[in-house]
file entry_31.txt (compact mmCIF, C-alpha atoms)
# COMPACT_ATOMS: atom_id res chain seq x y z
CA MET A 1 50.31 12.63 -25.47
CA LYS A 2 50.32 8.91 -26.25
CA TYR A 3 49.46 8.19 -22.60
CA ILE A 4 46.58 10.69 -22.56
CA ILE A 5 45.05 9.02 -25.61
CA ILE A 6 45.46 5.58 -24.10
CA ALA A 7 44.05 6.78 -20.75
CA SER A 8 41.02 8.27 -22.53
CA MET A 9 40.43 5.01 -24.39
CA VAL A 10 40.38 2.96 -21.21
CA GLY A 11 37.97 5.35 -19.54
CA LEU A 12 40.21 7.14 -17.07
CA PHE A 13 38.91 10.44 -18.46
CA PRO A 14 35.12 10.11 -18.44
CA PHE A 15 34.57 13.72 -19.57
CA SER A 16 33.39 14.63 -23.02
CA ILE A 17 34.18 18.04 -24.44
CA TYR A 18 31.49 19.95 -26.33
CA ALA A 19 32.32 23.48 -27.42
CA ASP A 20 35.02 23.86 -24.78
CA VAL A 21 32.65 22.87 -21.95
CA PRO A 22 33.44 19.64 -20.12
CA GLN A 23 30.38 17.56 -19.39
CA LYS A 24 29.83 14.21 -17.80
CA ARG A 25 27.16 11.63 -18.54
CA HIS A 26 26.02 9.17 -15.90
CA ILE A 27 23.56 6.28 -16.20
CA ASP A 28 21.88 5.36 -12.95
CA PRO A 29 22.47 1.62 -12.47
CA VAL A 30 19.08 1.16 -10.78
CA THR A 31 16.72 3.27 -12.90
CA SER A 32 18.72 3.61 -16.15
CA ALA A 33 17.91 7.34 -16.11
CA ILE A 34 20.67 9.37 -17.75
CA THR A 35 22.13 12.47 -16.11
CA TRP A 36 24.14 15.06 -18.03
CA LYS A 37 26.10 17.45 -15.83
CA THR A 38 28.76 20.09 -15.92
CA HIS A 39 30.51 22.52 -13.58
CA VAL A 40 31.32 25.98 -14.95
CA GLU A 41 32.87 28.88 -13.02
CA GLY A 42 31.80 27.42 -9.67
CA VAL A 43 28.26 26.61 -10.83
CA TYR A 44 26.91 23.05 -11.09
CA PHE A 45 24.27 22.31 -13.74
CA SER A 46 22.61 18.98 -14.49
CA LEU A 47 19.65 17.43 -16.27
CA THR A 48 18.33 13.97 -15.34
CA GLN A 49 15.76 12.20 -17.50
CA ILE A 50 12.30 11.65 -16.04
CA LEU A 51 10.47 8.95 -18.00
CA PRO A 52 6.93 9.86 -19.12
CA GLU A 53 5.48 7.07 -16.92
CA GLN A 54 7.41 8.40 -13.92
CA ALA A 55 6.15 11.94 -14.51
CA LYS A 56 2.59 10.62 -14.87
CA ALA A 57 2.90 8.71 -11.59
CA PHE A 58 4.18 11.82 -9.81
CA PHE A 59 1.35 14.06 -11.02
CA VAL A 60 -1.44 11.49 -10.67
CA ASN A 61 -0.35 11.21 -7.04
CA ARG A 62 -0.66 15.00 -6.75
CA GLY A 63 -4.30 14.83 -7.94
CA PHE A 64 -4.20 15.21 -11.74
CA SER A 65 -6.01 12.80 -14.04
CA LEU A 66 -3.99 11.19 -16.82
CA GLU A 67 -5.81 13.25 -19.42
CA GLN A 68 -5.13 16.50 -17.60
CA ILE A 69 -1.38 15.96 -17.32
CA GLU A 70 -0.66 14.00 -20.52
CA SER A 71 0.51 17.01 -22.57
CA TYR A 72 3.12 17.87 -19.92
CA THR A 73 4.37 14.38 -19.12
CA SER A 74 4.98 13.60 -22.80
CA SER A 75 6.90 16.84 -23.37
CA CYS A 76 10.44 15.62 -22.49
CA VAL A 77 10.79 16.40 -18.80
CA TYR A 78 14.03 16.60 -16.81
CA MET A 79 14.94 16.94 -13.19
CA THR A 80 17.10 20.04 -13.32
CA VAL A 81 19.67 21.18 -10.78
CA LEU A 82 21.54 24.49 -10.72
CA ARG A 83 23.75 25.28 -7.75
CA ASN A 84 26.09 28.11 -6.85
CA ASP A 85 29.00 26.29 -5.22
CA SER A 86 31.74 28.86 -5.57
CA ALA A 87 30.87 31.42 -8.27
CA PRO A 88 32.56 34.81 -7.87
CA GLY A 89 29.27 36.35 -6.67
CA ASP A 90 25.48 36.01 -6.50
CA ILE A 91 24.14 34.40 -9.64
CA HIS A 92 20.85 35.41 -11.19
CA PHE A 93 19.03 33.69 -14.03
CA ILE A 94 15.83 33.93 -16.03
CA ARG A 95 15.00 30.46 -17.28
CA ASN A 96 13.37 31.68 -20.47
CA ASN A 97 16.72 33.14 -21.53
CA TRP A 98 18.18 29.63 -21.66
CA LEU A 99 18.78 28.33 -25.14
CA ILE A 100 17.56 24.98 -26.48
CA LEU A 101 19.10 23.98 -29.80
CA VAL A 102 17.75 21.16 -31.94
CA LYS A 103 20.12 20.49 -34.84
CA ASN A 104 21.52 23.97 -34.16
CA MET A 105 18.09 25.58 -34.52
CA PRO A 106 16.66 27.43 -31.48
CA HIS A 107 13.65 25.86 -29.78
CA LYS A 108 11.53 27.86 -27.37
CA LEU A 109 10.71 26.67 -23.83
CA VAL A 110 7.08 26.96 -22.75
CA PRO A 111 7.03 29.28 -19.69
CA VAL A 112 5.86 27.81 -16.36
CA SER A 113 3.10 30.44 -16.24
CA GLU A 114 1.78 29.15 -19.57
CA TRP A 115 1.76 25.53 -18.32
CA VAL A 116 -0.09 26.65 -15.19
CA LYS A 117 -2.62 28.52 -17.34
CA ARG A 118 -3.16 25.47 -19.57
CA LEU A 119 -3.53 23.06 -16.66
CA SER A 120 -5.87 25.39 -14.77
CA THR A 121 -8.34 25.20 -17.65
CA THR A 122 -8.45 21.37 -17.57
CA GLY A 123 -10.53 21.27 -14.40
CA ALA A 124 -7.58 20.03 -12.35
CA LYS A 125 -7.80 20.45 -8.57
CA LYS A 126 -6.23 23.64 -7.24
CA SER A 127 -3.91 21.66 -4.94
CA ALA A 128 -2.66 19.69 -7.95
CA VAL A 129 -1.92 22.87 -9.89
CA ILE A 130 -0.11 24.35 -6.87
CA ALA A 131 2.05 21.21 -6.64
CA PHE A 132 2.72 21.42 -10.38
CA ARG A 133 3.77 25.07 -10.15
CA TRP A 134 6.19 24.53 -7.28
CA ALA A 135 7.60 21.28 -8.64
CA GLN A 136 8.92 23.20 -11.65
CA PHE A 137 12.44 24.52 -11.83
CA PRO A 138 12.12 28.23 -10.94
CA PRO A 139 11.45 30.60 -13.85
CA GLU A 140 13.76 33.15 -12.20
CA GLN A 141 16.07 32.86 -9.19
CA GLU A 142 19.14 34.13 -7.38
CA TYR A 143 21.70 31.94 -5.65
CA LYS A 144 24.35 33.04 -3.18
CA PRO A 145 27.75 31.30 -3.31
CA GLY A 146 28.26 28.46 -0.86
CA GLY A 147 25.47 26.14 -1.89
CA ASP A 148 22.21 27.92 -2.77
CA TRP A 149 20.43 25.73 -5.29
CA ASN A 150 17.18 24.35 -6.63
CA GLN A 151 16.06 21.05 -8.01
CA GLY A 152 12.95 21.07 -10.17
CA MET A 153 11.24 19.81 -13.29
CA LEU A 154 11.89 21.33 -16.68
CA SER A 155 9.83 20.55 -19.78
CA ILE A 156 11.79 20.87 -23.00
CA GLY A 157 8.71 20.47 -25.23
CA LEU A 158 10.15 17.88 -27.63
CA PRO A 159 8.97 14.37 -28.61
CA PRO A 160 10.46 11.29 -26.88
CA GLY A 161 13.90 10.37 -28.21
CA SER A 162 14.71 13.90 -29.42
CA ILE A 163 18.28 15.11 -29.08
CA PHE A 164 19.14 18.69 -28.20
CA ASP A 165 21.72 21.00 -26.67
CA VAL A 166 20.84 23.23 -23.72
CA ILE A 167 22.71 26.38 -22.76
CA ALA A 168 21.91 27.60 -19.24
CA LYS A 169 22.66 31.31 -18.81
CA TRP A 170 23.13 33.38 -15.68
CA ASP A 171 24.66 36.69 -14.75
CA ILE A 172 26.83 37.92 -11.91
CA ALA A 173 26.79 41.71 -11.50
CA ASP A 174 25.73 42.14 -15.15
CA LYS A 175 28.45 39.83 -16.49
CA GLU A 176 26.99 36.88 -18.39
CA TYR A 177 28.02 33.25 -17.94
CA GLU A 178 26.75 30.06 -19.52
CA ALA A 179 27.01 26.28 -19.26
CA LYS A 180 26.25 23.98 -22.15
CA LEU A 181 25.07 20.37 -22.07
CA ALA A 182 25.35 18.86 -25.54
CA GLU A 183 23.52 15.97 -27.17
CA VAL A 184 21.02 15.52 -24.37
CA GLN A 185 18.40 12.90 -25.18
CA CYS A 186 14.71 12.94 -24.30
CA ALA A 187 13.65 9.71 -22.58
CA LYS A 188 11.66 7.27 -24.75
CA MET B 1 -8.50 -3.28 -4.67
CA LEU B 2 -5.54 -2.53 -6.90
CA ASN B 3 -6.29 -2.48 -10.60
CA ARG B 4 -3.74 -2.57 -13.46
CA HIS B 5 -3.57 1.21 -13.63
CA SER B 6 -2.81 1.69 -9.97
CA ILE B 7 -0.10 -0.98 -10.06
CA HIS B 8 1.30 0.67 -13.18
CA TYR B 9 1.49 4.05 -11.48
CA PHE B 10 2.76 2.67 -8.22
CA VAL B 11 5.65 1.14 -10.18
CA GLY B 12 6.16 4.42 -12.06
CA LEU B 13 6.15 6.45 -8.86
CA THR B 14 8.62 4.08 -7.25
CA ALA B 15 10.90 4.46 -10.26
CA LEU B 16 10.64 8.25 -10.08
CA LEU B 17 11.49 8.24 -6.39
CA LEU B 18 14.49 6.09 -7.27
CA VAL B 19 15.53 8.70 -9.86
CA LEU B 20 15.09 11.46 -7.32
CA PHE B 21 16.68 9.78 -4.35
CA ASN B 22 18.92 6.98 -5.54
CA ASN B 23 21.24 9.38 -7.28
CA SER B 24 20.88 11.96 -4.53
CA HIS B 25 23.58 10.13 -2.65
CA GLY B 26 25.61 9.07 -5.64
CA GLU B 27 26.54 10.70 -8.91
CA GLY B 28 23.32 12.60 -9.60
CA LEU B 29 22.81 15.29 -7.00
CA PRO B 30 25.18 17.47 -5.04
CA PRO B 31 25.46 16.88 -1.30
CA LEU B 32 23.60 19.23 1.05
CA THR B 33 25.75 21.99 2.50
CA HIS B 34 25.46 23.89 5.78
CA ASN B 35 25.88 27.47 4.58
CA LEU B 36 23.48 30.20 5.65
CA THR B 37 23.57 33.52 3.81
CA PRO B 38 23.64 36.53 6.14
CA VAL B 39 21.17 39.31 5.32
CA ASN B 40 23.10 42.53 5.73
CA THR B 41 20.21 44.94 5.35
CA THR B 42 17.34 45.31 7.80
CA ILE B 43 14.39 43.42 6.35
CA LYS B 44 11.34 42.77 8.48
CA ALA B 45 9.92 39.24 8.23
CA PRO B 46 6.64 39.29 6.26
CA GLU B 47 3.42 38.20 7.89
CA LEU B 48 2.89 34.49 8.47
CA ARG B 49 -0.28 33.17 10.07
CA PHE B 50 -1.49 29.62 9.46
CA GLN B 51 -3.03 26.65 11.25
CA ASN B 52 -0.81 23.96 12.72
CA MET B 53 -1.47 20.19 12.96
CA ASP B 54 -3.74 20.79 15.96
CA GLU B 55 -5.73 23.31 13.89
CA GLU B 56 -4.54 26.14 16.14
CA MET B 57 -3.59 29.43 14.51
CA VAL B 58 0.11 30.27 14.76
CA ASP B 59 1.18 33.85 14.05
CA ILE B 60 4.83 34.80 13.66
CA LYS B 61 3.98 38.17 15.26
CA ASP B 62 3.42 36.33 18.55
CA LEU B 63 6.96 34.91 18.44
CA LYS B 64 8.78 38.24 18.84
CA GLY B 65 11.69 37.79 21.23
CA LYS B 66 12.48 34.34 19.83
CA VAL B 67 14.66 33.13 16.97
CA VAL B 68 12.28 31.69 14.35
CA VAL B 69 13.30 29.28 11.61
CA VAL B 70 10.75 29.48 8.77
CA ASN B 71 11.09 26.59 6.31
CA PHE B 72 8.86 26.40 3.20
CA TRP B 73 8.46 22.83 1.99
CA ALA B 74 6.29 20.08 0.47
CA THR B 75 6.27 16.29 0.83
CA TRP B 76 6.82 15.77 -2.92
CA CYS B 77 9.92 18.02 -2.97
CA PRO B 78 13.05 15.79 -2.86
CA PRO B 79 15.46 18.25 -1.19
CA CYS B 80 12.75 19.13 1.36
CA ARG B 81 12.54 15.45 2.25
CA ARG B 82 16.31 15.15 2.39
CA GLU B 83 16.68 17.98 4.91
CA MET B 84 13.69 17.19 7.16
CA GLY B 85 15.54 14.75 9.45
CA SER B 86 18.35 17.25 9.97
CA MET B 87 15.76 19.92 10.81
CA GLU B 88 14.47 17.74 13.66
CA ARG B 89 18.01 17.14 14.95
CA LEU B 90 18.52 20.92 14.83
CA TYR B 91 15.27 21.37 16.76
CA GLN B 92 16.41 18.95 19.46
CA ALA B 93 19.69 20.87 19.76
CA VAL B 94 18.16 24.36 20.05
CA LYS B 95 14.61 24.00 21.38
CA ASP B 96 15.70 25.11 24.84
CA LYS B 97 17.70 28.05 23.47
CA ASN B 98 14.90 30.43 22.54
CA VAL B 99 14.56 28.98 19.03
CA VAL B 100 11.28 27.98 17.30
CA ILE B 101 10.96 26.12 14.01
CA LEU B 102 7.94 26.66 11.73
CA ALA B 103 7.80 24.35 8.72
CA VAL B 104 5.24 25.80 6.31
CA ASN B 105 3.81 23.14 4.03
CA ILE B 106 2.74 24.40 0.63
CA GLY B 107 -0.58 23.24 -0.82
CA GLU B 108 -1.05 19.84 0.85
CA ASP B 109 -3.54 18.50 3.36
CA MET B 110 -2.89 17.34 6.92
CA ASP B 111 -3.32 13.63 6.12
CA THR B 112 -0.62 13.78 3.43
CA VAL B 113 1.79 15.59 5.72
CA PHE B 114 1.00 13.34 8.68
CA SER B 115 1.71 10.20 6.60
CA PHE B 116 4.99 11.64 5.40
CA LEU B 117 6.17 12.70 8.86
CA GLY B 118 5.77 9.13 10.04
CA MET B 119 8.47 8.11 7.58
CA VAL B 120 11.01 10.76 8.63
CA GLU B 121 13.78 9.65 10.94
CA PRO B 122 13.84 11.16 13.53
CA THR B 123 10.14 12.07 13.53
CA PRO B 124 9.70 15.87 13.46
CA ASN B 125 8.37 17.41 16.66
CA PHE B 126 8.53 21.04 15.56
CA GLN B 127 5.53 23.05 14.34
CA MET B 128 4.01 22.24 10.95
CA LEU B 129 1.89 25.01 9.42
CA PHE B 130 -0.43 24.69 6.42
CA ASP B 131 -0.49 27.23 3.60
CA TYR B 132 -3.12 25.54 1.47
CA GLU B 133 -3.23 28.24 -1.21
CA ALA B 134 0.54 28.94 -1.37
CA VAL B 135 -0.17 32.59 -0.53
CA SER B 136 3.02 33.00 1.51
CA MET B 137 5.30 32.32 -1.44
CA ASN B 138 4.88 35.77 -2.97
CA LYS B 139 4.87 37.55 0.37
CA TRP B 140 8.16 35.97 1.36
CA GLY B 141 9.71 36.08 -2.12
CA VAL B 142 10.10 32.30 -2.29
CA LYS B 143 10.94 31.15 -5.82
CA GLY B 144 11.68 27.49 -5.20
CA LEU B 145 11.30 24.81 -2.51
CA PRO B 146 12.76 24.41 0.00
CA THR B 147 13.62 27.93 1.12
CA THR B 148 14.45 28.79 4.72
CA TYR B 149 14.62 32.07 6.61
CA ILE B 150 16.14 32.61 10.05
CA ILE B 151 14.38 35.43 11.89
CA LYS B 152 16.06 37.38 14.71
CA PRO B 153 14.26 38.03 18.01
CA ASP B 154 13.54 41.60 16.81
CA GLY B 155 11.56 40.24 13.84
CA THR B 156 14.10 40.97 11.10
CA ILE B 157 15.66 38.40 8.78
CA ALA B 158 19.14 37.25 9.82
CA TYR B 159 19.91 34.48 7.30
CA THR B 160 18.45 32.78 4.24
CA ALA B 161 19.05 29.40 2.61
CA VAL B 162 17.76 28.56 -0.87
CA GLY B 163 17.66 24.80 -1.45
CA GLY B 164 18.25 21.89 0.92
CA ARG B 165 20.70 22.04 3.82
CA GLU B 166 22.11 19.85 6.56
CA PHE B 167 20.53 21.85 9.34
CA ASP B 168 22.06 19.91 12.19
CA HIS B 169 25.58 20.98 11.27
CA PRO B 170 27.45 22.53 14.25
CA ASN B 171 27.92 25.81 12.32
CA ILE B 172 24.16 26.27 11.93
CA ILE B 173 23.45 25.23 15.53
CA GLN B 174 26.04 27.76 16.70
CA LYS B 175 24.59 30.58 14.56
CA LEU B 176 21.08 30.00 15.88
CA THR B 177 22.23 29.66 19.46
CA GLN B 178 24.11 32.98 19.23
CA LEU B 179 21.05 34.73 17.80
CA GLY B 180 18.91 33.44 20.64
CA LEU B 181 21.16 34.71 23.43

call {"tool": "encode", "arguments": {"input": "entry_31.txt", "output": "structure tokens"}}
result
Amino acid sequence: MKYIIIASMVGLFPFSIYADVPQKRHIDPVTSAITWKTHVEGVYFSLTQILPEQAKAFFVNRGFSLEQIESYTSSCVYMTVLRNDSAPGDIHFIRNNWLILVKNMPHKLVPVSEWVKRLSTTGAKKSAVIAFRWAQFPPEQEYKPGGDWNQGMLSIGLPPGSIFDVIAKWDIADKEYEAKLAEVQCAK
Amino acid sequence: MLNRHSIHYFVGLTALLLVLFNNSHGEGLPPLTHNLTPVNTTIKAPELRFQNMDEEMVDIKDLKGKVVVVNFWATWCPPCRREMGSMERLYQAVKDKNVVILAVNIGEDMDTVFSFLGMVEPTPNFQMLFDYEAVSMNKWGVKGLPTTYIIKPDGTIAYTAVGGREFDHPNIIQKLTQLGL
């Protein structure tokens, strides 16, 4: 036991434990963007910060004006990855069933369809809105074991610097599974 | 001439690309795999008819008798960019084995795609099609980019792959070659 404690203190065990779910935090040495990630029952789940200026640059290059995309880029956006490496079957999720907790209080995600509706009324070019829609993490999806996955943007809808927990949920043949990332921080 | 705003956003875009790609090979993103999921029921490939780079209409119906790889992608999609070079190496390995690759770009113009292709190593030589309105996404049941379908010579779907892959892996080359025999 003494050796485990010492090993943890010197960083040999980089995992943190939140509510029985091991998670790892990584700071990119080049960009300083923080990634939170975990691996539960053969499924990989991660969130990587996208700074508001980075999100603006991405969408301005897709054809949005700053004014049109400001509400989205300032809403705490992450690059999200979910991948079925070796789950016991096909996984299925509905993103709006995922739970965001701010100080243990639930916080609702704005659906992708709602973002598309909002942005479509700003006068944005159709090609820009199409890029926005398909750059988002899928609202619903199925992944076969062996490496099906997606990488996409996810807006949490919180101010910069906010801290929250996210619980991603999926099901395999009607059995529910979840992965939690705790104390995730919105980029400032 | 570059003004302060454009420099600002060029720097921001560069930083975002670093977020998306720098950690794609390190701690951030999982490596691409080479798994294809077999489709065990008989599902006919939906319709697909778009212009290519030469502004000629390409219709999947006319490719009956060939194995067709249909890849939905966009230049701004990081895993699409990651897999594009491997798609060309796959093409070089199977182009004489009754296999055709159709990469369907979603929502972008030819200039954007042309500029991007110049940066891919090796440069893609397979067909690029343009779905400007993203109408194929619903028809094909695509929920995220990239998504790839392998179509048998009889026009039914043999395999699917959701998310990026290393398409030049020997296992994938072998599967496609067998389908084309």

call {"tool": "closest_atom_pairs", "arguments": {"input": "entry_31.txt", "of": "segment 73-143 of chain B", "to": "segment 133-137 of chain A", "cutoff": "9 Å", "atoms": "only C-alpha atoms", "output": "JSON lines"}}
result
{"residue": "B:Ala74", "atom": "CA", "partner": "A:Trp134", "partner_atom": "CA", "distance": 8.9}
{"residue": "B:Trp76", "atom": "CA", "partner": "A:Ala135", "partner_atom": "CA", "distance": 8.0}
{"residue": "B:Cys77", "atom": "CA", "partner": "A:Ala135", "partner_atom": "CA", "distance": 6.9}
{"residue": "B:Ile106", "atom": "CA", "partner": "A:Trp134", "partner_atom": "CA", "distance": 8.6}
{"residue": "B:Lys143", "atom": "CA", "partner": "A:Trp134", "partner_atom": "CA", "distance": 8.3}

call {"tool": "interface_residues", "arguments": {"input": "entry_31.txt", "of": "chain A", "to": "chain B", "cutoff": "7 Å", "atoms": "only C-alpha atoms", "output": "CSV table (one decimal) with C-alpha atoms, in the coordinates of the input"}}
result
chain,number,residue,atom,x,y,z
A,28,ASP,CA,21.9,5.4,-13.0
A,31,THR,CA,16.7,3.3,-12.9
A,33,ALA,CA,17.9,7.3,-16.1
A,35,THR,CA,22.1,12.5,-16.1
A,53,GLU,CA,5.5,7.1,-16.9
A,54,GLN,CA,7.4,8.4,-13.9
A,57,ALA,CA,2.9,8.7,-11.6
A,58,PHE,CA,4.2,11.8,-9.8
A,127,SER,CA,-3.9,21.7,-4.9
A,130,ILE,CA,-0.1,24.4,-6.9
A,131,ALA,CA,2.0,21.2,-6.6
A,134,TRP,CA,6.2,24.5,-7.3
A,135,ALA,CA,7.6,21.3,-8.6
A,138,PRO,CA,12.1,28.2,-10.9
A,141,GLN,CA,16.1,32.9,-9.2
A,146,GLY,CA,28.3,28.5,-0.9
A,147,GLY,CA,25.5,26.1,-1.9
A,148,ASP,CA,22.2,27.9,-2.8
A,149,TRP,CA,20.4,25.7,-5.3
A,150,ASN,CA,17.2,24.4,-6.6

call {"tool": "closest_residue", "arguments": {"input": "entry_31.txt", "among": "B:Glu88, B:Glu166, B:Asp96, B:Asp154", "to": "Met128 of chain B", "atoms": "all atoms listed in the file"}}
result
B:Glu88

call {"tool": "closest_residue", "arguments": {"input": "entry_31.txt", "among": "B:Val39, B:Ala158, B:Val113, B:Arg82", "to": "Lys144 of chain A", "atoms": "all atoms listed in the file"}}
result
B:Val39

call {"tool": "closest_residue", "arguments": {"input": "entry_31.txt", "among": "A:Arg83, A:Lys125, A:His92, A:Arg25", "to": "Trp170 of chain A", "atoms": "all atoms listed in the file"}}
result
A:His92

call {"tool": "axis_aligned_box", "arguments": {"input": "entry_31.txt", "around": "segment 109-113 of chain B", "padding_each_side": "3 Å", "output": "AutoDock Vina command-line options"}}
result
--center_x -0.9 --center_y 16.1 --center_z 5.1 --size_x 11.3 --size_y 10.9 --size_z 9.6

call {"tool": "atom_distance", "arguments": {"input": "entry_31.txt", "atom1": "atom CA of Leu90 of chain B", "atom2": "atom CA of Tyr159 of chain B"}}
result
15.6 Å

call {"tool": "atom_distance", "arguments": {"input": "entry_31.txt", "atom1": "atom CA of Leu129 of chain B", "atom2": "atom CA of Val69 of chain B"}}
result
12.4 Å

call {"tool": "residues_around", "arguments": {"input": "entry_31.txt", "residues": "Leu82 of chain A", "least_positions_apart": "3", "cutoff": "8 Å", "atoms": "only C-alpha atoms", "output": "PyMOL selection string"}}
result
chain A and resi 43-46+149-151

call {"tool": "residues_around", "arguments": {"input": "entry_31.txt", "residues": "Gln174 of chain B", "least_positions_apart": "5", "cutoff": "12 Å", "atoms": "only C-alpha atoms", "output": "count of residues only"}}
result
13

call {"tool": "atom_distance", "arguments": {"input": "entry_31.txt", "atom1": "atom CA of Trp98 of chain A", "atom2": "atom CA of Glu178 of chain A"}}
result
8.8 Å

call {"tool": "build_atoms", "arguments": {"input": "entry_31.txt", "residues": "segment 110-121 of chain B", "atoms": "N, CA, C and O atoms", "output": "mmCIF file, keeping the file's coordinate frame"}}
result
data_model
loop_
_atom_site.group_PDB
_atom_site.id
_atom_site.type_symbol
_atom_site.label_atom_id
_atom_site.label_comp_id
_atom_site.auth_asym_id
_atom_site.auth_seq_id
_atom_site.Cartn_x
_atom_site.Cartn_y
_atom_site.Cartn_z
ATOM 1 N N MET B 110 -3.510 17.858 5.683
ATOM 2 C CA MET B 110 -2.890 17.340 6.920
ATOM 3 C C MET B 110 -2.612 15.842 6.831
ATOM 4 O O MET B 110 -1.586 15.369 7.321
ATOM 5 N N ASP B 111 -3.510 15.088 6.206
ATOM 6 C CA ASP B 111 -3.320 13.630 6.120
ATOM 7 C C ASP B 111 -2.037 13.300 5.363
ATOM 8 O O ASP B 111 -1.276 12.416 5.761
ATOM 9 N N THR B 112 -1.815 14.014 4.258
ATOM 10 C CA THR B 112 -0.620 13.780 3.430
ATOM 11 C C THR B 112 0.638 14.070 4.238
ATOM 12 O O THR B 112 1.593 13.299 4.240
ATOM 13 N N VAL B 113 0.614 15.198 4.935
ATOM 14 C CA VAL B 113 1.790 15.590 5.720
ATOM 15 C C VAL B 113 2.005 14.627 6.882
ATOM 16 O O VAL B 113 3.131 14.196 7.142
ATOM 17 N N PHE B 114 0.907 14.260 7.539
ATOM 18 C CA PHE B 114 1.000 13.340 8.680
ATOM 19 C C PHE B 114 1.626 12.011 8.252
ATOM 20 O O PHE B 114 2.515 11.476 8.915
ATOM 21 N N SER B 115 1.164 11.483 7.106
ATOM 22 C CA SER B 115 1.710 10.200 6.600
ATOM 23 C C SER B 115 3.199 10.330 6.322
ATOM 24 O O SER B 115 3.984 9.430 6.643
ATOM 25 N N PHE B 116 3.579 11.447 5.722
ATOM 26 C CA PHE B 116 4.990 11.640 5.400
ATOM 27 C C PHE B 116 5.848 11.728 6.661
ATOM 28 O O PHE B 116 6.918 11.117 6.750
ATOM 29 N N LEU B 117 5.364 12.484 7.647
ATOM 30 C CA LEU B 117 6.170 12.700 8.860
ATOM 31 C C LEU B 117 6.476 11.382 9.574
ATOM 32 O O LEU B 117 7.529 11.236 10.191
ATOM 33 N N GLY B 118 5.559 10.431 9.433
ATOM 34 C CA GLY B 118 5.770 9.130 10.040
ATOM 35 C C GLY B 118 6.947 8.377 9.447
ATOM 36 O O GLY B 118 7.470 7.441 10.051
ATOM 37 N N MET B 119 7.354 8.796 8.251
ATOM 38 C CA MET B 119 8.470 8.110 7.580
ATOM 39 C C MET B 119 9.811 8.790 7.835
ATOM 40 O O MET B 119 10.858 8.291 7.453
ATOM 41 N N VAL B 120 9.763 10.006 8.427
ATOM 42 C CA VAL B 120 11.010 10.760 8.630
ATOM 43 C C VAL B 120 11.699 10.261 9.892
ATOM 44 O O VAL B 120 11.063 10.026 10.918
ATOM 45 N N GLU B 121 12.986 10.116 9.803
ATOM 46 C CA GLU B 121 13.780 9.650 10.940
ATOM 47 C C GLU B 121 14.836 10.708 11.285
ATOM 48 O O GLU B 121 15.674 11.020 10.432
#
